[in-house]
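The next block is run_2.tsv, given as TSV, C-alpha atoms.
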chain	number	residue	atom	x	y	z
M	52	MET	CA	35.32	91.12	130.63
M	53	ASN	CA	35.17	87.35	131.03
M	54	ASP	CA	37.40	84.69	129.53
M	55	HIS	CA	34.78	83.84	126.89
M	56	THR	CA	35.25	87.36	125.52
M	57	THR	CA	39.03	87.69	125.74
M	58	THR	CA	40.53	84.23	125.15
M	59	PRO	CA	39.65	83.63	121.46
M	60	PHE	CA	40.79	87.09	120.46
M	61	ASP	CA	44.03	86.92	122.46
M	62	ALA	CA	44.86	83.54	120.93
M	63	LEU	CA	44.33	84.91	117.42
M	64	ARG	CA	45.98	88.31	117.94
M	65	PRO	CA	49.35	87.31	116.36
M	66	ARG	CA	47.61	86.06	113.23
M	67	LEU	CA	45.38	89.12	113.01
M	68	PHE	CA	48.40	91.40	113.33
M	69	SER	CA	50.24	89.47	110.62
M	70	ILE	CA	47.26	89.81	108.25
M	71	ALA	CA	46.94	93.54	108.89
M	72	TYR	CA	50.68	94.19	108.62
M	73	ARG	CA	50.95	92.30	105.34
M	74	MET	CA	48.03	94.32	104.02
M	75	LEU	CA	49.13	97.74	105.26
M	76	GLY	CA	52.90	97.62	105.73
M	77	THR	CA	53.10	99.68	108.91
M	78	ARG	CA	53.05	98.59	112.53
M	79	ALA	CA	50.77	101.44	113.67
M	80	ASP	CA	48.14	100.79	110.99
M	81	ALA	CA	48.21	97.06	111.72
M	82	GLU	CA	47.79	97.63	115.44
M	83	ASP	CA	44.92	100.07	114.80
M	84	VAL	CA	43.13	97.50	112.65
M	85	VAL	CA	43.60	94.80	115.28
M	86	GLN	CA	42.23	97.16	117.92
M	87	ASP	CA	39.21	97.94	115.71
M	88	ALA	CA	38.67	94.20	115.25
M	89	TRP	CA	38.78	93.77	119.02
M	90	LEU	CA	36.16	96.48	119.53
M	91	ARG	CA	33.85	94.79	117.03
M	92	TRP	CA	34.46	91.42	118.64
M	93	ALA	CA	33.75	92.80	122.11
M	94	GLY	CA	30.46	94.25	120.88
M	95	SER	CA	29.31	91.18	118.97
M	96	ASP	CA	26.93	88.39	119.95
M	97	HIS	CA	29.43	85.58	120.52
M	98	GLY	CA	26.67	83.03	120.74
M	99	ALA	CA	25.80	83.68	117.11
M	100	VAL	CA	29.41	83.25	115.93
M	101	GLN	CA	30.09	79.73	114.64
M	102	SER	CA	33.85	80.24	114.34
M	103	ALA	CA	35.71	82.99	116.19
M	104	GLU	CA	38.71	82.52	113.90
M	105	ALA	CA	36.71	82.90	110.67
M	106	TRP	CA	34.83	85.88	112.09
M	107	LEU	CA	37.93	87.71	113.27
M	108	VAL	CA	39.97	86.97	110.11
M	109	THR	CA	37.11	88.25	107.96
M	110	VAL	CA	36.68	91.41	110.01
M	111	THR	CA	40.43	92.10	110.08
M	112	THR	CA	40.76	91.57	106.32
M	113	ARG	CA	37.82	93.84	105.52
M	114	LEU	CA	39.05	96.53	107.91
M	115	SER	CA	42.48	96.34	106.27
M	116	ILE	CA	40.99	96.70	102.79
M	117	ASP	CA	38.95	99.70	103.91
M	118	ARG	CA	41.99	101.34	105.48
M	119	LEU	CA	44.12	100.65	102.41
M	120	ARG	CA	41.48	102.22	100.17
M	121	GLY	CA	41.19	105.18	102.54
M	122	ARG	CA	44.94	105.77	102.42
M	123	LYS	CA	45.14	105.72	98.63
M	124	ALA	CA	45.38	109.50	98.38
M	125	GLU	CA	47.98	109.60	101.15
M	126	ARG	CA	50.08	106.96	99.40
M	127	GLU	CA	49.80	108.82	96.11
M	128	ALA	CA	51.02	112.01	97.79
M	129	TYR	CA	53.92	110.24	99.49
M	130	VAL	CA	57.27	111.78	98.56
M	131	GLY	CA	59.44	109.29	96.68
M	132	TRP	CA	59.19	105.53	96.86
M	133	TRP	CA	57.07	103.93	99.59
M	134	LEU	CA	58.54	100.97	101.46
M	135	PRO	CA	57.00	99.23	104.48
M	136	GLU	CA	57.91	100.04	108.04
M	137	PRO	CA	60.51	97.35	108.80
M	138	LEU	CA	60.11	94.84	111.60
M	139	VAL	CA	63.68	94.65	112.89
M	140	GLU	CA	65.18	92.22	115.36
M	141	MET	CA	68.81	92.84	116.27
M	142	ASP	CA	69.08	89.54	118.17
M	143	GLU	CA	68.28	86.58	115.93
M	144	ARG	CA	67.53	84.44	118.97
M	145	THR	CA	64.45	86.51	119.76
M	146	PRO	CA	62.13	86.50	116.72
M	147	GLU	CA	59.21	88.87	116.60
M	148	SER	CA	56.61	86.22	117.26
M	149	ALA	CA	53.70	88.63	116.88
M	150	ALA	CA	54.54	89.12	113.22
M	151	GLU	CA	54.89	85.39	112.37
M	152	LEU	CA	57.85	86.47	110.25
M	153	ALA	CA	58.51	84.50	107.08
M	154	SER	CA	59.59	85.11	103.50
M	155	ASP	CA	56.06	86.16	102.55
M	156	VAL	CA	56.39	89.25	104.76
M	157	SER	CA	59.81	90.28	103.45
M	158	VAL	CA	60.33	93.88	102.40
M	159	ALA	CA	60.72	92.68	98.82
M	160	MET	CA	57.36	90.91	98.94
M	161	LEU	CA	55.58	93.89	100.49
M	162	TRP	CA	57.16	96.12	97.82
M	163	VAL	CA	55.47	93.95	95.17
M	164	LEU	CA	52.17	93.72	97.06
M	165	GLU	CA	52.04	97.51	97.31
M	166	ARG	CA	51.49	97.56	93.54
M	167	LEU	CA	48.38	95.41	93.75
M	168	ALA	CA	44.84	96.66	94.16
M	169	PRO	CA	43.56	96.24	97.74
M	170	GLU	CA	41.32	93.25	96.94
M	171	GLU	CA	44.06	91.59	94.86
M	172	ARG	CA	46.42	91.99	97.77
M	173	ALA	CA	43.91	90.54	100.22
M	174	ALA	CA	43.01	87.63	97.92
M	175	PHE	CA	46.66	86.73	97.36
M	176	LEU	CA	47.55	86.86	101.03
M	177	MET	CA	44.54	84.91	102.25
M	178	ARG	CA	44.98	82.21	99.60
M	179	GLN	CA	48.76	81.89	99.28
M	180	VAL	CA	49.92	82.84	102.77
M	181	PHE	CA	47.06	81.74	105.02
M	182	ASP	CA	45.80	78.88	102.82
M	183	GLN	CA	42.17	79.97	102.88
M	184	ASP	CA	39.97	78.02	100.47
M	185	TYR	CA	38.08	79.86	97.75
M	186	ALA	CA	34.70	79.45	99.38
M	187	ASP	CA	35.92	81.17	102.55
M	188	LEU	CA	37.81	83.75	100.49
M	189	ALA	CA	34.65	84.57	98.56
M	190	ALA	CA	32.75	85.02	101.82
M	191	THR	CA	35.49	87.25	103.24
M	192	LEU	CA	35.67	89.51	100.18
M	193	GLY	CA	31.98	89.36	99.27
M	194	LYS	CA	32.74	88.12	95.75
M	195	SER	CA	32.14	84.97	93.74
M	196	GLU	CA	34.68	82.15	93.86
M	197	ALA	CA	35.41	82.74	90.15
M	198	ALA	CA	36.18	86.40	90.81
M	199	CYS	CA	38.46	85.46	93.70
M	200	ARG	CA	40.33	82.97	91.52
M	201	GLN	CA	40.92	85.72	89.00
M	202	LEU	CA	42.18	88.09	91.69
M	203	VAL	CA	44.62	85.48	92.97
M	204	HIS	CA	45.78	84.61	89.44
M	205	ARG	CA	46.58	88.24	88.60
M	206	ALA	CA	48.40	88.74	91.88
M	207	GLN	CA	50.40	85.53	91.46
M	208	ALA	CA	51.55	86.59	88.00
M	209	ARG	CA	52.78	89.92	89.34
M	210	VAL	CA	54.60	88.33	92.27
M	211	GLN	CA	56.20	85.68	90.07
M	212	GLN	CA	57.79	88.36	87.89
M	213	GLU	CA	59.65	89.75	90.89
M	214	LYS	CA	61.03	86.49	92.28
M	215	PRO	CA	64.79	85.84	92.06
M	216	ARG	CA	65.83	83.07	89.67
M	217	PHE	CA	67.69	81.07	92.31
M	218	ALA	CA	66.47	80.46	95.83
M	219	VAL	CA	69.20	80.73	98.44
M	220	SER	CA	69.28	79.51	102.01
M	221	LYS	CA	69.34	81.99	104.86
M	222	ASP	CA	72.89	80.86	105.62
M	223	VAL	CA	74.02	81.84	102.11
M	224	HIS	CA	71.99	85.04	102.36
M	225	ARG	CA	73.68	85.86	105.66
M	226	ASP	CA	77.18	85.01	104.37
M	227	VAL	CA	76.85	87.20	101.27
M	228	LEU	CA	75.46	90.01	103.36
M	229	ALA	CA	78.23	89.70	105.95
M	230	GLY	CA	80.83	90.00	103.19
M	231	PHE	CA	79.11	93.02	101.73
M	232	MET	CA	78.80	94.62	105.17
M	233	HIS	CA	82.53	94.20	105.76
M	234	ALA	CA	83.29	95.76	102.37
M	235	ALA	CA	80.92	98.66	103.06
M	236	ALA	CA	82.35	99.21	106.55
M	237	SER	CA	85.84	99.26	105.01
M	238	ASN	CA	84.57	101.69	102.36
M	239	ASP	CA	86.08	99.49	99.64
M	240	ARG	CA	84.14	100.15	96.46
M	241	GLU	CA	85.75	97.35	94.46
M	242	ALA	CA	85.07	94.83	97.22
M	243	MET	CA	81.45	96.01	97.41
M	244	LYS	CA	81.04	95.60	93.65
M	245	ALA	CA	82.14	91.97	93.93
M	246	PHE	CA	79.01	91.25	95.98
M	247	LEU	CA	76.64	93.17	93.70
M	248	ALA	CA	75.04	91.90	90.48
M	249	ASP	CA	75.76	94.05	87.44
M	250	ASP	CA	72.10	95.10	87.24
M	251	VAL	CA	71.50	95.41	91.00
M	252	ARG	CA	68.73	97.86	91.96
M	253	LEU	CA	68.47	100.20	94.94
M	254	VAL	CA	65.09	101.47	96.14
M	255	SER	CA	65.29	104.13	98.85
M	256	ASP	CA	62.45	105.50	101.00
M	257	GLY	CA	63.07	108.84	102.68
M	258	GLY	CA	59.42	109.89	102.78
M	259	GLY	CA	60.37	113.51	102.18
M	260	LYS	CA	61.84	113.60	105.70
M	261	VAL	CA	65.47	112.94	104.68
M	262	PRO	CA	67.26	113.15	101.32
M	263	SER	CA	66.56	110.16	99.12
M	264	PHE	CA	66.62	109.10	95.48
M	265	GLY	CA	63.63	109.94	93.35
M	266	LYS	CA	64.28	107.03	91.02
M	267	ILE	CA	65.45	103.46	91.33
M	268	LEU	CA	69.24	103.31	91.01
M	269	VAL	CA	70.69	100.53	88.85
M	270	GLY	CA	74.21	99.17	88.54
M	271	ALA	CA	76.93	97.76	90.79
M	272	ALA	CA	79.34	100.69	90.36
M	273	ARG	CA	76.64	103.24	91.04
M	274	ILE	CA	75.31	101.55	94.17
M	275	ALA	CA	78.77	100.84	95.56
M	276	GLY	CA	79.39	104.55	95.05
M	277	VAL	CA	76.31	105.40	97.12
M	278	TYR	CA	77.63	103.37	100.06
M	279	TRP	CA	81.08	104.90	99.62
M	280	SER	CA	79.62	108.43	99.66
M	281	VAL	CA	77.89	107.86	103.02
M	282	GLU	CA	81.20	106.92	104.67
M	283	HIS	CA	83.03	109.70	102.82
M	284	ALA	CA	80.55	112.30	104.09
M	285	ASN	CA	80.68	110.95	107.66
M	286	PRO	CA	84.23	109.69	108.27
M	287	GLY	CA	84.50	107.47	111.32
M	288	LYS	CA	80.79	107.85	112.16
M	289	VAL	CA	79.22	105.06	110.08
M	290	ALA	CA	78.54	101.63	111.58
M	291	TYR	CA	76.66	98.58	110.30
M	292	ARG	CA	74.95	95.86	112.28
M	293	MET	CA	73.50	92.58	111.05
M	294	ALA	CA	69.83	92.22	111.91
M	295	ARG	CA	66.75	90.32	110.91
M	296	VAL	CA	64.64	92.65	108.78
M	297	ASN	CA	61.14	91.25	108.24
M	298	GLY	CA	62.35	87.75	108.94
M	299	GLU	CA	65.40	87.79	106.66
M	300	PRO	CA	69.06	88.74	107.18
M	301	GLY	CA	69.47	92.48	106.67
M	302	LEU	CA	71.49	95.46	107.83
M	303	VAL	CA	70.92	98.45	110.06
M	304	ARG	CA	73.17	101.42	109.32
M	305	TYR	CA	74.00	103.98	111.99
M	306	VAL	CA	75.53	107.42	111.52
M	307	GLY	CA	76.87	108.97	114.69
M	308	GLY	CA	75.14	106.25	116.73
M	309	VAL	CA	71.71	107.16	115.31
M	310	VAL	CA	69.73	104.78	113.08
M	311	GLU	CA	70.08	106.06	109.51
M	312	SER	CA	68.47	103.18	107.61
M	313	ALA	CA	67.22	99.62	107.76
M	314	GLN	CA	68.19	97.67	104.66
M	315	ALA	CA	66.70	94.53	103.15
M	316	PHE	CA	68.27	92.56	100.31
M	317	ILE	CA	67.40	90.07	97.61
M	318	ILE	CA	70.21	87.57	97.04
M	319	ASP	CA	70.16	85.65	93.74
M	320	GLY	CA	72.82	82.94	93.65
M	321	SER	CA	75.85	84.54	95.29
M	322	ARG	CA	75.19	88.21	94.56
M	323	ILE	CA	72.88	90.96	95.71
M	324	VAL	CA	70.30	91.83	93.05
M	325	ALA	CA	68.18	94.32	94.99
M	326	VAL	CA	68.55	96.62	97.99
M	327	TYR	CA	65.60	98.19	99.81
M	328	ALA	CA	66.74	101.01	102.10
M	329	ILE	CA	64.13	102.41	104.50
M	330	ARG	CA	65.40	105.84	105.60
M	331	ASN	CA	62.19	107.62	106.60
M	332	PRO	CA	62.86	108.30	110.32
M	333	ASP	CA	59.18	107.79	111.15
M	334	LYS	CA	59.59	104.15	110.09
M	335	LEU	CA	62.79	103.64	112.08
M	336	ALA	CA	61.57	104.86	115.47
M	337	ALA	CA	61.22	101.34	116.90
M	338	ILE	CA	64.90	100.47	116.25
M	339	ALA	CA	67.23	101.06	119.17
M	340	PRO	CA	70.18	103.48	118.75
M	341	LEU	CA	73.68	102.06	118.58
M	342	TYR	CA	74.71	103.30	122.04

Write out the structure in this file as structure tokens.
Amino acid sequence: MNDHTTTPFDALRPRLFSIAYRMLGTRADAEDVVQDAWLRWAGSDHGAVQSAEAWLVTVTTRLSIDRLRGRKAEREAYVGWWLPEPLVEMDERTPESAAELASDVSVAMLWVLERLAPEERAAFLMRQVFDQDYADLAATLGKSEAACRQLVHRAQARVQQEKPRFAVSKDVHRDVLAGFMHAAASNDREAMKAFLADDVRLVSDGGGKVPSFGKILVGAARIAGVYWSVEHANPGKVAYRMARVNGEPGLVRYVGGVVESAQAFIIDGSRIVAVYAIRNPDKLAAIAPLY
């Protein structure tokens, strides 16, 4: 394979991965889509391609939509709540460059996007995240510009409903989370409650592989009790570590040195308003054990 074949694709690989991951929510699916895009690129007539970037973005988006549609039955049969496979970096000095991590790929955002139809999800991402104009978006999705505008409008309305009222800096996010982590590690329920909004929500994904909650838990006392019960059931075996989870400050919880969950948080003002706990071990395999 010559440089003409490999260089454009290699240069665009991080962006293609980020598109596929935002669409599909799992590393393996995203990597499969990128590989499929590579195979199509390798077999194409490059001389007939006016823009390698436009061609590859279009192919990756369409492959992602097809895969998302194909996995509809699998998602519907999933046990409990479905959360994305987290992209976790334990060392904040080494960001996961391949994912182009930002707030638009947060666990909270992907949780909202999961509730959109595949084409709505694609339209929102390509317009709002990757700043694609409507003419290009229409060509990518094979729809009229008016139809694409409607898709984006519906998606925006859904996303807007889920946004916290007050934006906080990552420093504030980290400070609130550090205080909560200390309270959880000390197994102090009252201290934990001080960091939780009265109507805080907890979404937990066990995937049927480990015990999890079949409904969204609500309330500071109830959620503080959940954290307390983990320590109570495993005295001296629970440890927390700060990490970057999908580009934002989060926590990894270990039990007996083994990864038990990766946790993402929405901070509104000075309190936690939502917790997303990924506990399905299949989604935690890429996270290193404590020891």

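CA of Phe181 (chain M) is found 19.6 Å from CA of Gln101 (chain M).
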
Find the spatial neighbours of Asn238 (chain M), counting all atoms listed in the file, within a cut-off of 12 Å - ignore same-chain residues fewer than 4 positions away - and output them as a PyMOL selection string.
chain M and resi 231-234+242-244+275-287+289-291

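CA of Val251 (chain M) lies 5.6 Å from CA of Val269 (chain M).
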
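Nearest residue to Ser263 (chain M), choosing from M:Arg330, M:Lys288, M:Arg240, M:Arg295 and counting all atoms listed in the file: M:Arg330.
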
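Of the residues listed (M:Lys334, M:His224, M:Arg91, M:Arg126), M:Lys334 shows the shortest atom-to-atom separation from Val261 (chain M); distances use all atoms listed in the file.
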
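When CA of Gln212 (chain M) is paired with CA of Ile274 (chain M), their separation reads 22.8 Å.
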
Out of M:Pro59, M:Pro262, M:Gly298, M:Gly121, which residue has the shortest atom-to-atom distance to Ala93 (chain M) when counting all atoms listed in the file?
M:Pro59

For Gly193 (chain M), the nearest of the candidates M:Val326, M:Val84, M:Val110, M:Ala206, counting all atoms listed in the file
M:Val110

Starting from the incomplete input, reconstruct N, CA and C atoms of region 280-315 of chain M and report them as a tab-separated table (two decimals), keeping the file's coordinate frame.
chain	number	residue	atom	x	y	z
M	280	SER	N	79.86	107.00	99.40
M	280	SER	CA	79.62	108.43	99.66
M	280	SER	C	79.12	108.67	101.08
M	281	VAL	N	78.37	107.71	101.64
M	281	VAL	CA	77.89	107.86	103.02
M	281	VAL	C	79.07	107.89	103.99
M	282	GLU	N	80.00	106.95	103.82
M	282	GLU	CA	81.20	106.92	104.67
M	282	GLU	C	82.07	108.15	104.42
M	283	HIS	N	82.20	108.55	103.17
M	283	HIS	CA	83.03	109.70	102.82
M	283	HIS	C	82.49	110.99	103.45
M	284	ALA	N	81.16	111.10	103.51
M	284	ALA	CA	80.55	112.30	104.09
M	284	ALA	C	80.54	112.28	105.61
M	285	ASN	N	80.73	111.09	106.20
M	285	ASN	CA	80.68	110.95	107.66
M	285	ASN	C	81.85	110.09	108.14
M	286	PRO	N	83.07	110.53	107.94
M	286	PRO	CA	84.23	109.69	108.27
M	286	PRO	C	84.26	109.29	109.74
M	287	GLY	N	84.40	107.98	109.96
M	287	GLY	CA	84.50	107.47	111.32
M	287	GLY	C	83.19	107.41	112.08
M	288	LYS	N	82.08	107.80	111.46
M	288	LYS	CA	80.79	107.85	112.16
M	288	LYS	C	79.80	106.78	111.70
M	289	VAL	N	80.15	106.03	110.66
M	289	VAL	CA	79.22	105.06	110.08
M	289	VAL	C	79.48	103.67	110.65
M	290	ALA	N	78.42	103.00	111.06
M	290	ALA	CA	78.54	101.63	111.58
M	290	ALA	C	77.39	100.80	111.03
M	291	TYR	N	77.66	99.52	110.78
M	291	TYR	CA	76.66	98.58	110.30
M	291	TYR	C	76.47	97.48	111.33
M	292	ARG	N	75.25	96.99	111.44
M	292	ARG	CA	74.95	95.86	112.28
M	292	ARG	C	74.06	94.89	111.52
M	293	MET	N	74.39	93.59	111.62
M	293	MET	CA	73.50	92.58	111.05
M	293	MET	C	72.22	92.53	111.88
M	294	ALA	N	71.12	92.30	111.23
M	294	ALA	CA	69.83	92.22	111.91
M	294	ALA	C	68.90	91.34	111.09
M	295	ARG	N	67.80	90.97	111.69
M	295	ARG	CA	66.75	90.32	110.91
M	295	ARG	C	65.74	91.39	110.55
M	296	VAL	N	65.57	91.64	109.27
M	296	VAL	CA	64.64	92.65	108.78
M	296	VAL	C	63.48	91.91	108.11
M	297	ASN	N	62.32	91.96	108.73
M	297	ASN	CA	61.14	91.25	108.24
M	297	ASN	C	61.44	89.77	108.02
M	298	GLY	N	62.13	89.18	108.96
M	298	GLY	CA	62.35	87.75	108.94
M	298	GLY	C	63.54	87.27	108.14
M	299	GLU	N	64.26	88.18	107.47
M	299	GLU	CA	65.40	87.79	106.66
M	299	GLU	C	66.64	88.56	107.08
M	300	PRO	N	67.84	88.00	106.83
M	300	PRO	CA	69.06	88.74	107.18
M	300	PRO	C	69.10	90.09	106.46
M	301	GLY	N	69.39	91.13	107.22
M	301	GLY	CA	69.47	92.48	106.67
M	301	GLY	C	70.49	93.29	107.45
M	302	LEU	N	70.54	94.58	107.17
M	302	LEU	CA	71.49	95.46	107.83
M	302	LEU	C	70.77	96.67	108.41
M	303	VAL	N	71.30	97.14	109.53
M	303	VAL	CA	70.92	98.45	110.06
M	303	VAL	C	72.17	99.32	110.00
M	304	ARG	N	72.03	100.50	109.41
M	304	ARG	CA	73.17	101.42	109.32
M	304	ARG	C	72.96	102.58	110.28
M	305	TYR	N	74.02	102.88	111.04
M	305	TYR	CA	74.00	103.98	111.99
M	305	TYR	C	74.99	105.05	111.54
M	306	VAL	N	74.62	106.30	111.75
M	306	VAL	CA	75.53	107.42	111.52
M	306	VAL	C	75.57	108.22	112.82
M	307	GLY	N	76.75	108.29	113.41
M	307	GLY	CA	76.87	108.97	114.69
M	307	GLY	C	76.07	108.31	115.79
M	308	GLY	N	75.89	106.99	115.72
M	308	GLY	CA	75.14	106.25	116.73
M	308	GLY	C	73.64	106.28	116.56
M	309	VAL	N	73.15	107.03	115.56
M	309	VAL	CA	71.71	107.16	115.31
M	309	VAL	C	71.33	106.28	114.11
M	310	VAL	N	70.18	105.62	114.20
M	310	VAL	CA	69.73	104.78	113.08
M	310	VAL	C	69.51	105.65	111.85
M	311	GLU	N	70.21	105.32	110.78
M	311	GLU	CA	70.08	106.06	109.51
M	311	GLU	C	69.22	105.30	108.52
M	312	SER	N	69.27	103.97	108.54
M	312	SER	CA	68.47	103.18	107.61
M	312	SER	C	68.40	101.73	108.06
M	313	ALA	N	67.33	101.07	107.67
M	313	ALA	CA	67.22	99.62	107.76
M	313	ALA	C	67.20	99.11	106.33
M	314	GLN	N	68.00	98.09	106.04
M	314	GLN	CA	68.19	97.67	104.66
M	314	GLN	C	67.88	96.19	104.50
M	315	ALA	N	67.06	95.91	103.50
M	315	ALA	CA	66.70	94.53	103.15
M	315	ALA	C	67.28	94.23	101.78
